[in-house]
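Below is the file structure02.cif, which contains mmCIF, C-alpha atoms.
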data_my_file
loop_
_atom_site.group_PDB
_atom_site.id
_atom_site.type_symbol
_atom_site.label_atom_id
_atom_site.label_comp_id
_atom_site.auth_asym_id
_atom_site.auth_seq_id
_atom_site.Cartn_x
_atom_site.Cartn_y
_atom_site.Cartn_z
ATOM 1 C CA GLN J 1 -77.012 17.454 -12.124
ATOM 2 C CA SER J 2 -75.580 16.746 -8.694
ATOM 3 C CA TRP J 3 -75.230 12.976 -8.399
ATOM 4 C CA HIS J 4 -73.506 10.492 -6.177
ATOM 5 C CA GLY J 5 -73.716 6.751 -6.525
ATOM 6 C CA THR J 6 -72.394 3.688 -8.311
ATOM 7 C CA VAL J 7 -72.016 2.562 -11.910
ATOM 8 C CA VAL J 8 -72.442 -1.154 -12.712
ATOM 9 C CA LYS J 9 -71.754 -2.869 -16.041
ATOM 10 C CA ALA J 10 -74.841 -4.470 -17.631
ATOM 11 C CA GLY J 11 -73.749 -6.545 -20.612
ATOM 12 C CA ASP J 12 -71.480 -5.274 -23.392
ATOM 13 C CA ASP J 13 -73.402 -2.147 -24.367
ATOM 14 C CA LYS J 14 -75.193 -0.928 -21.246
ATOM 15 C CA ILE J 15 -74.447 0.422 -17.797
ATOM 16 C CA VAL J 16 -76.657 0.825 -14.745
ATOM 17 C CA THR J 17 -76.321 3.870 -12.500
ATOM 18 C CA VAL J 18 -77.639 3.798 -8.951
ATOM 19 C CA SER J 19 -78.078 7.201 -7.357
ATOM 20 C CA SER J 20 -77.562 7.370 -3.600
ATOM 21 C CA ASN J 21 -80.153 10.084 -3.108
ATOM 22 C CA LEU J 22 -83.446 10.286 -1.286
ATOM 23 C CA HIS J 23 -85.335 8.604 -4.131
ATOM 24 C CA GLY J 24 -82.990 5.689 -4.882
ATOM 25 C CA GLN J 25 -83.083 6.317 -8.616
ATOM 26 C CA ILE J 26 -81.811 3.484 -10.851
ATOM 27 C CA LYS J 27 -81.199 4.098 -14.567
ATOM 28 C CA THR J 28 -79.977 2.003 -17.505
ATOM 29 C CA PHE J 29 -77.971 3.788 -20.220
ATOM 30 C CA ASN J 30 -76.796 2.753 -23.666
ATOM 31 C CA VAL J 31 -73.024 3.207 -23.661
ATOM 32 C CA GLU J 32 -72.765 4.276 -27.318
ATOM 33 C CA SER J 33 -75.629 6.755 -27.529
ATOM 34 C CA GLY J 34 -75.851 7.838 -23.908
ATOM 35 C CA GLU J 35 -79.612 7.317 -24.088
ATOM 36 C CA CYS J 36 -81.453 6.533 -20.860
ATOM 37 C CA ILE J 37 -83.336 3.301 -21.530
ATOM 38 C CA LYS J 38 -85.125 2.736 -18.242
ATOM 39 C CA THR J 39 -85.620 4.507 -14.912
ATOM 40 C CA ILE J 40 -87.064 3.111 -11.697
ATOM 41 C CA PHE J 41 -87.190 4.252 -8.086
ATOM 42 C CA SER J 42 -86.107 1.690 -5.531
ATOM 43 C CA GLY J 43 -87.001 3.469 -2.312
ATOM 44 C CA SER J 44 -85.674 6.204 -0.065
ATOM 45 C CA ASN J 45 -82.107 6.576 1.173
ATOM 46 C CA ALA J 46 -80.677 4.098 -1.339
ATOM 47 C CA LYS J 47 -76.986 3.428 -0.833
ATOM 48 C CA CYS J 48 -74.271 0.801 -0.426
ATOM 49 C CA THR J 49 -74.392 -0.573 -3.947
ATOM 50 C CA VAL J 50 -71.981 -3.170 -5.250
ATOM 51 C CA GLY J 51 -71.831 -5.059 -8.526
ATOM 52 C CA SER J 52 -71.152 -8.781 -8.836
ATOM 53 C CA GLU J 53 -69.611 -10.857 -11.586
ATOM 54 C CA ASN J 54 -72.835 -12.649 -12.484
ATOM 55 C CA GLY J 55 -74.706 -9.578 -13.688
ATOM 56 C CA ASN J 56 -76.374 -8.613 -10.414
ATOM 57 C CA PHE J 57 -75.948 -5.702 -8.077
ATOM 58 C CA PHE J 58 -76.946 -5.040 -4.484
ATOM 59 C CA LEU J 59 -78.762 -2.046 -3.092
ATOM 60 C CA THR J 60 -79.675 -1.162 0.467
ATOM 61 C CA SER J 61 -82.644 1.121 0.922
ATOM 62 C CA LYS J 62 -85.451 1.995 3.248
ATOM 63 C CA GLN J 63 -88.964 0.876 2.374
ATOM 64 C CA GLY J 64 -91.270 2.625 4.823
ATOM 65 C CA ASP J 65 -89.954 1.770 8.274
ATOM 66 C CA THR J 66 -88.048 -1.295 7.048
ATOM 67 C CA ASN J 67 -84.390 -1.411 6.030
ATOM 68 C CA GLU J 68 -83.504 -4.104 3.527
ATOM 69 C CA ILE J 69 -80.850 -5.357 1.125
ATOM 70 C CA THR J 70 -82.068 -6.141 -2.388
ATOM 71 C CA ARG J 71 -80.284 -8.077 -5.130
ATOM 72 C CA TRP J 72 -81.132 -6.763 -8.611
ATOM 73 C CA ASP J 73 -80.709 -8.071 -12.140
ATOM 74 C CA THR J 74 -78.736 -5.553 -14.209
ATOM 75 C CA ILE J 75 -80.476 -6.466 -17.482
ATOM 76 C CA THR J 76 -84.133 -6.468 -16.442
ATOM 77 C CA LEU J 77 -83.765 -4.027 -13.528
ATOM 78 C CA GLU J 78 -85.998 -6.297 -11.510
ATOM 79 C CA PRO J 79 -85.351 -7.289 -7.879
ATOM 80 C CA ILE J 80 -84.272 -10.933 -7.546
ATOM 81 C CA GLN J 81 -84.168 -11.366 -3.796
ATOM 82 C CA ARG J 82 -84.664 -9.338 -0.649
ATOM 83 C CA TYR J 83 -82.734 -9.708 2.601
ATOM 84 C CA PRO J 84 -84.293 -8.167 5.751
ATOM 85 C CA LYS J 85 -81.236 -6.404 7.105
ATOM 86 C CA ARG J 86 -79.724 -2.958 7.275
ATOM 87 C CA ALA J 87 -76.289 -2.602 5.633
ATOM 88 C CA ASP J 88 -73.875 0.304 5.453
ATOM 89 C CA HIS J 89 -71.181 -1.814 3.770
ATOM 90 C CA LEU J 90 -71.415 -4.958 1.654
ATOM 91 C CA ILE J 91 -68.934 -7.162 -0.219
ATOM 92 C CA ILE J 92 -69.300 -10.332 -2.321
ATOM 93 C CA LEU J 93 -67.279 -13.454 -1.484
ATOM 94 C CA ASN J 94 -66.692 -17.017 -2.636
ATOM 95 C CA ASP J 95 -67.183 -16.520 -6.394
ATOM 96 C CA ASP J 96 -70.567 -14.822 -6.069
ATOM 97 C CA GLN J 97 -71.994 -17.490 -3.766
ATOM 98 C CA GLN J 98 -72.010 -15.472 -0.545
ATOM 99 C CA PHE J 99 -71.825 -11.894 0.684
ATOM 100 C CA VAL J 100 -71.039 -10.076 3.922
ATOM 101 C CA SER J 101 -72.993 -7.075 5.192
ATOM 102 C CA VAL J 102 -72.430 -4.832 8.194
ATOM 103 C CA SER J 103 -74.198 -1.806 9.638
ATOM 104 C CA ASN J 104 -73.526 0.989 12.105
ATOM 105 C CA SER J 105 -76.751 0.514 14.041
ATOM 106 C CA PHE J 106 -74.857 0.285 17.366
ATOM 107 C CA GLY J 107 -76.989 -2.580 18.634
ATOM 108 C CA GLU J 108 -77.005 -6.346 18.872
ATOM 109 C CA ASP J 109 -77.688 -6.550 15.148
ATOM 110 C CA ASP J 110 -74.646 -4.622 13.944
ATOM 111 C CA ASN J 111 -72.091 -7.457 13.667
ATOM 112 C CA PRO J 112 -70.862 -8.419 10.173
ATOM 113 C CA THR J 113 -73.152 -11.105 8.751
ATOM 114 C CA LEU J 114 -72.363 -13.797 6.169
ATOM 115 C CA TRP J 115 -75.267 -14.589 3.792
ATOM 116 C CA ASP J 116 -76.012 -17.310 1.271
ATOM 117 C CA MET J 117 -76.754 -15.308 -1.858
ATOM 118 C CA THR J 118 -79.174 -17.843 -3.375
ATOM 119 C CA THR J 119 -81.231 -18.937 -0.387
ATOM 120 C CA GLY J 120 -81.125 -15.624 1.452
ATOM 121 C CA ASN J 121 -80.207 -17.393 4.694
ATOM 122 C CA GLN J 122 -77.830 -15.938 7.251
ATOM 123 C CA ILE J 123 -74.896 -18.321 7.666
ATOM 124 C CA GLN J 124 -73.033 -16.759 10.587
ATOM 125 C CA HIS J 125 -72.043 -13.554 12.380
ATOM 126 C CA PHE J 126 -68.521 -12.235 12.932
ATOM 127 C CA ASN J 127 -67.336 -10.633 16.168
ATOM 128 C CA THR J 128 -65.192 -7.510 16.083
ATOM 129 C CA LYS J 129 -62.736 -6.853 18.896
ATOM 130 C CA HIS J 130 -64.578 -3.703 19.983
ATOM 131 C CA LYS J 131 -68.239 -2.783 20.250
ATOM 132 C CA ASN J 132 -69.729 0.707 19.857
ATOM 133 C CA ARG J 133 -67.425 1.248 16.888
ATOM 134 C CA HIS J 134 -68.027 2.999 13.587
ATOM 135 C CA ILE J 135 -67.402 0.909 10.465
ATOM 136 C CA VAL J 136 -65.710 3.012 7.782
ATOM 137 C CA ALA J 137 -64.732 0.435 5.149
ATOM 138 C CA MET J 138 -64.721 -3.217 4.169
ATOM 139 C CA CYS J 139 -63.005 -4.977 1.270
ATOM 140 C CA ASN J 140 -62.296 -8.437 -0.121
ATOM 141 C CA HIS J 141 -59.002 -10.028 0.826
ATOM 142 C CA GLY J 142 -58.822 -13.131 -1.333
ATOM 143 C CA THR J 143 -61.709 -15.455 -2.218
ATOM 144 C CA ASN J 144 -62.915 -16.344 1.275
ATOM 145 C CA SER J 145 -61.647 -13.580 3.532
ATOM 146 C CA PHE J 146 -62.153 -9.863 4.043
ATOM 147 C CA LEU J 147 -60.777 -6.803 5.827
ATOM 148 C CA LEU J 148 -62.884 -4.595 8.085
ATOM 149 C CA ALA J 149 -61.859 -1.066 9.115
ATOM 150 C CA TYR J 150 -63.551 0.786 11.968
ATOM 151 C CA TRP J 151 -63.051 3.679 14.344
ATOM 152 C CA HIS J 152 -63.020 3.060 18.079
ATOM 153 C CA GLY J 153 -62.335 6.148 20.132
ATOM 154 C CA ALA J 154 -59.424 8.020 18.576
ATOM 155 C CA ASP J 155 -58.013 4.916 16.890
ATOM 156 C CA THR J 156 -58.646 2.965 13.695
ATOM 157 C CA TYR J 157 -58.663 -0.828 13.766
ATOM 158 C CA ILE J 158 -58.151 -3.156 10.804
ATOM 159 C CA GLU J 159 -59.328 -6.736 11.264
ATOM 160 C CA MET J 160 -59.045 -9.708 8.930
ATOM 161 C CA PHE J 161 -61.753 -12.390 8.889
ATOM 162 C CA THR J 162 -62.176 -15.684 7.081
ATOM 163 C CA ILE J 163 -65.651 -17.068 6.381
ATOM 164 C CA ASP J 164 -65.069 -20.181 8.523
ATOM 165 C CA GLN J 165 -64.129 -18.322 11.730
ATOM 166 C CA THR J 166 -66.225 -15.915 13.765
ATOM 167 C CA GLU J 167 -63.265 -14.133 15.379
ATOM 168 C CA PRO J 168 -60.679 -11.994 13.512
ATOM 169 C CA ILE J 169 -57.491 -13.844 12.613
ATOM 170 C CA GLU J 170 -55.477 -10.597 12.489
ATOM 171 C CA THR J 171 -56.022 -7.234 14.219
ATOM 172 C CA MET J 172 -54.012 -4.055 13.787
ATOM 173 C CA ALA J 173 -54.472 -0.745 15.615
ATOM 174 C CA MET J 174 -53.643 2.631 14.065
ATOM 175 C CA GLU J 175 -53.370 4.688 17.216
ATOM 176 C CA GLY J 176 -54.487 8.297 17.199
ATOM 177 C CA THR J 177 -55.699 8.349 13.600
ATOM 178 C CA HIS J 178 -58.948 8.002 11.677
ATOM 179 C CA ILE J 179 -58.728 6.719 8.104
ATOM 180 C CA ASP J 180 -61.273 7.554 5.428
ATOM 181 C CA SER J 181 -63.240 5.078 3.336
ATOM 182 C CA PRO J 182 -62.396 3.177 1.179
ATOM 183 C CA ILE J 183 -59.570 0.648 1.623
ATOM 184 C CA THR J 184 -58.203 -2.001 -0.728
ATOM 185 C CA SER J 185 -56.394 -5.301 -0.317
ATOM 186 C CA VAL J 186 -53.034 -5.395 -2.101
ATOM 187 C CA SER J 187 -51.227 -8.725 -1.796
ATOM 188 C CA GLY J 188 -50.338 -11.122 0.978
ATOM 189 C CA ASN J 189 -50.974 -9.253 4.220
ATOM 190 C CA GLN J 190 -50.705 -5.829 2.621
ATOM 191 C CA PHE J 191 -53.500 -3.302 2.182
ATOM 192 C CA ALA J 192 -53.860 0.395 1.356
ATOM 193 C CA THR J 193 -55.834 3.105 3.133
ATOM 194 C CA CYS J 194 -56.986 6.650 2.338
ATOM 195 C CA HIS J 195 -56.500 9.505 4.802
ATOM 196 C CA GLU J 196 -57.958 12.914 5.655
ATOM 197 C CA ASP J 197 -54.847 14.690 4.342
ATOM 198 C CA CYS J 198 -55.556 13.163 0.866
ATOM 199 C CA SER J 199 -52.640 10.735 1.134
ATOM 200 C CA VAL J 200 -52.602 6.975 0.577
ATOM 201 C CA ALA J 201 -50.745 4.596 2.890
ATOM 202 C CA LEU J 202 -49.518 1.049 2.249
ATOM 203 C CA TRP J 203 -49.526 -1.244 5.307
ATOM 204 C CA ASP J 204 -48.467 -4.718 6.334
ATOM 205 C CA LEU J 205 -51.131 -6.237 8.579
ATOM 206 C CA SER J 206 -48.962 -9.078 9.905
ATOM 207 C CA ILE J 207 -46.318 -6.755 11.369
ATOM 208 C CA GLY J 208 -48.588 -3.732 11.934
ATOM 209 C CA THR J 209 -46.340 -1.357 10.014
ATOM 210 C CA ARG J 210 -46.906 1.440 7.512
ATOM 211 C CA LEU J 211 -44.594 0.660 4.608
ATOM 212 C CA CYS J 212 -44.895 3.863 2.600
ATOM 213 C CA THR J 213 -47.041 6.930 1.951
ATOM 214 C CA TYR J 214 -48.208 8.245 -1.423
ATOM 215 C CA GLU J 215 -48.892 11.991 -1.651
ATOM 216 C CA GLY J 216 -50.195 14.037 -4.567
ATOM 217 C CA HIS J 217 -53.984 14.386 -4.382
ATOM 218 C CA THR J 218 -55.365 17.776 -3.327
ATOM 219 C CA SER J 219 -58.875 16.669 -2.362
ATOM 220 C CA TRP J 220 -60.447 13.628 -0.740
ATOM 221 C CA ILE J 221 -60.124 10.241 -2.409
ATOM 222 C CA ASN J 222 -63.370 8.655 -3.609
ATOM 223 C CA ASP J 223 -62.145 5.199 -4.602
ATOM 224 C CA ILE J 224 -59.050 3.014 -4.522
ATOM 225 C CA VAL J 225 -58.263 -0.300 -6.233
ATOM 226 C CA TYR J 226 -55.241 -2.553 -6.652
ATOM 227 C CA LEU J 227 -54.125 -3.598 -10.147
ATOM 228 C CA ARG J 228 -52.371 -6.919 -9.657
ATOM 229 C CA GLU J 229 -51.046 -7.075 -13.228
ATOM 230 C CA LYS J 230 -49.306 -3.686 -12.921
ATOM 231 C CA ARG J 231 -48.406 -4.009 -9.219
ATOM 232 C CA SER J 232 -49.974 -0.584 -8.785
ATOM 233 C CA ILE J 233 -52.627 1.204 -6.744
ATOM 234 C CA VAL J 234 -55.161 3.364 -8.591
ATOM 235 C CA THR J 235 -56.933 6.229 -6.817
ATOM 236 C CA VAL J 236 -59.745 8.512 -7.978
ATOM 237 C CA SER J 237 -60.088 11.838 -6.206
ATOM 238 C CA ASN J 238 -62.462 14.759 -5.937
ATOM 239 C CA ASP J 239 -59.605 16.864 -7.333
ATOM 240 C CA HIS J 240 -60.704 15.442 -10.745
ATOM 241 C CA THR J 241 -57.628 13.244 -11.193
ATOM 242 C CA MET J 242 -56.946 9.525 -11.277
ATOM 243 C CA LYS J 243 -53.460 8.503 -10.178
ATOM 244 C CA VAL J 244 -51.592 5.230 -10.654
ATOM 245 C CA TRP J 245 -49.097 4.587 -7.859
ATOM 246 C CA PRO J 246 -46.387 1.931 -8.367
ATOM 247 C CA ILE J 247 -45.688 -0.511 -5.550
ATOM 248 C CA SER J 248 -41.992 -1.152 -5.158
ATOM 249 C CA ILE J 249 -40.925 -4.789 -5.500
ATOM 250 C CA HIS J 250 -39.114 -4.144 -2.213
ATOM 251 C CA PHE J 251 -42.485 -4.191 -0.444
ATOM 252 C CA GLU J 252 -43.572 -7.493 -1.984
ATOM 253 C CA VAL J 253 -41.127 -9.484 0.135
ATOM 254 C CA GLU J 254 -41.008 -9.716 3.907
ATOM 255 C CA ASP J 255 -39.262 -6.720 5.358
ATOM 256 C CA SER J 256 -38.803 -5.901 9.028
ATOM 257 C CA SER J 257 -37.435 -2.419 8.467
ATOM 258 C CA ASP J 258 -39.151 0.375 10.408
ATOM 259 C CA GLN J 259 -38.198 2.908 7.753
ATOM 260 C CA GLU J 260 -41.144 4.502 5.985
ATOM 261 C CA ILE J 261 -40.863 5.929 2.478
ATOM 262 C CA SER J 262 -42.905 8.909 1.309
ATOM 263 C CA TYR J 263 -43.756 9.340 -2.383
ATOM 264 C CA LYS J 264 -44.727 12.944 -3.156
ATOM 265 C CA THR J 265 -44.772 12.873 -6.973
ATOM 266 C CA ASP J 266 -43.783 9.303 -7.813
ATOM 267 C CA VAL J 267 -46.814 8.319 -9.881
ATOM 268 C CA GLU J 268 -46.841 6.272 -13.077
ATOM 269 C CA ASP J 269 -49.706 8.274 -14.528
ATOM 270 C CA SER J 270 -52.131 11.010 -13.592
ATOM 271 C CA LEU J 271 -55.306 11.487 -15.586
#
Reformat the file's structure so that it appears as structure tokens.
Amino acid sequence: QSWHGTVVKAGDDKIVTVSSNLHGQIKTFNVESGECIKTIFSGSNAKCTVGSENGNFFLTSKQGDTNEITRWDTITLEPIQRYPKRADHLIILNDDQQFVSVSNSFGEDDNPTLWDMTTGNQIQHFNTKHKNRHIVAMCNHGTNSFLLAYWHGADTYIEMFTIDQTEPIETMAMEGTHIDSPITSVSGNQFATCHEDCSVALWDLSIGTRLCTYEGHTSWINDIVYLREKRSIVTVSNDHTMKVWPISIHFEVEDSSDQEISYKTDVEDSL
């Protein structure tokens, strides 16, 4: 069946799938047998799911005329807490104690918001450099900071926030280009982005420079993560491949060179 959504680990022998369709279907499967153990419907237009380390996951959905964020228990498939807020993107911070949500509602309520996960209280709002922008991605950048990517006009902006400051501590403009979601933090001030031409780019936020480009996918990229142990970026694409891209040690030290390197087939593995 046609399906789009998120898979979340639920213990050692189960997974939870959350379908981002009109019915918000949530299912628990046994990993060994493939048997569907439980199915529930969370509400219409379910999306923006993310799993946490403590066995919970988040889901944003529409209940009637109300948009809300709900935290769920992966074992019982029962809602733990509800947060009255729309969210198009959500990440977990501070060792599962807090999370940040942001929407594209284009109003006073669309700034990134920091929440206390346990109490459900809003802690503070963050101010982006531009208003009337379209958020395309957000990712963790260390324990207490995050990166936000958005379109403004013909440009893409990347901004870095820490949870104790309302204004971005770093801002970088990619003039004349729109990146695709998602993005991933790499190390230090480096991060990686996905692009409409199916390429991946490695950037340095502090100097505002593209360090290198990885090329090889033939369709859009669905997900991207950084493997710290292997010093590699992993991408999963709609071309039915997963590629592991090595990051040169050269890029892990400060470098002021304007030279950009393009990798067309330099992958460690392609599955």
### Message
Taking the file as I've supplied it (selection: the PyMOL selection byres ((chain J and resi 32) around 12)), which residues are included? Please answer as a ChimeraX atom specification.
### Response
/J:12-15,29-31,33-36
#### Entry: Test item: residues at most 6 Å from segment 169-177 of chain J, only C-alpha atoms, excluding those fewer than 6 positions along its chain, as a ChimeraX atom specification
/J:154-161,208
### Message
I'd like to see the residues matched by the PyMOL selection byres ((chain J and resi 217-225) around 9) on this file, and ideally I'd get them as a ChimeraX atom specification.
### Response
/J:180-186,192-200,214-216,226-227,232-243
### Message
Using Å and a single decimal, report how far atom CA of Trp115 of chain J sits from atom CA of Gln97 of chain J.
### Response
8.7 Å
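Those residues returned by the PyMOL selection byres ((chain J and resi 125) around 8) for this file are Asn111, Pro112, Thr113, Leu114, Ile123, Gln124, Phe126, Asn127 and Thr166 of chain J.
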### Task
Go ahead and compute the interatomic distance for atom CA of Ile163 of chain J and atom CA of Asp95 of chain J, in Å to one decimal.
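Taking atom CA of Ile163 of chain J as the start and atom CA of Asp95 of chain J as the end point, the length is 12.9 Å.
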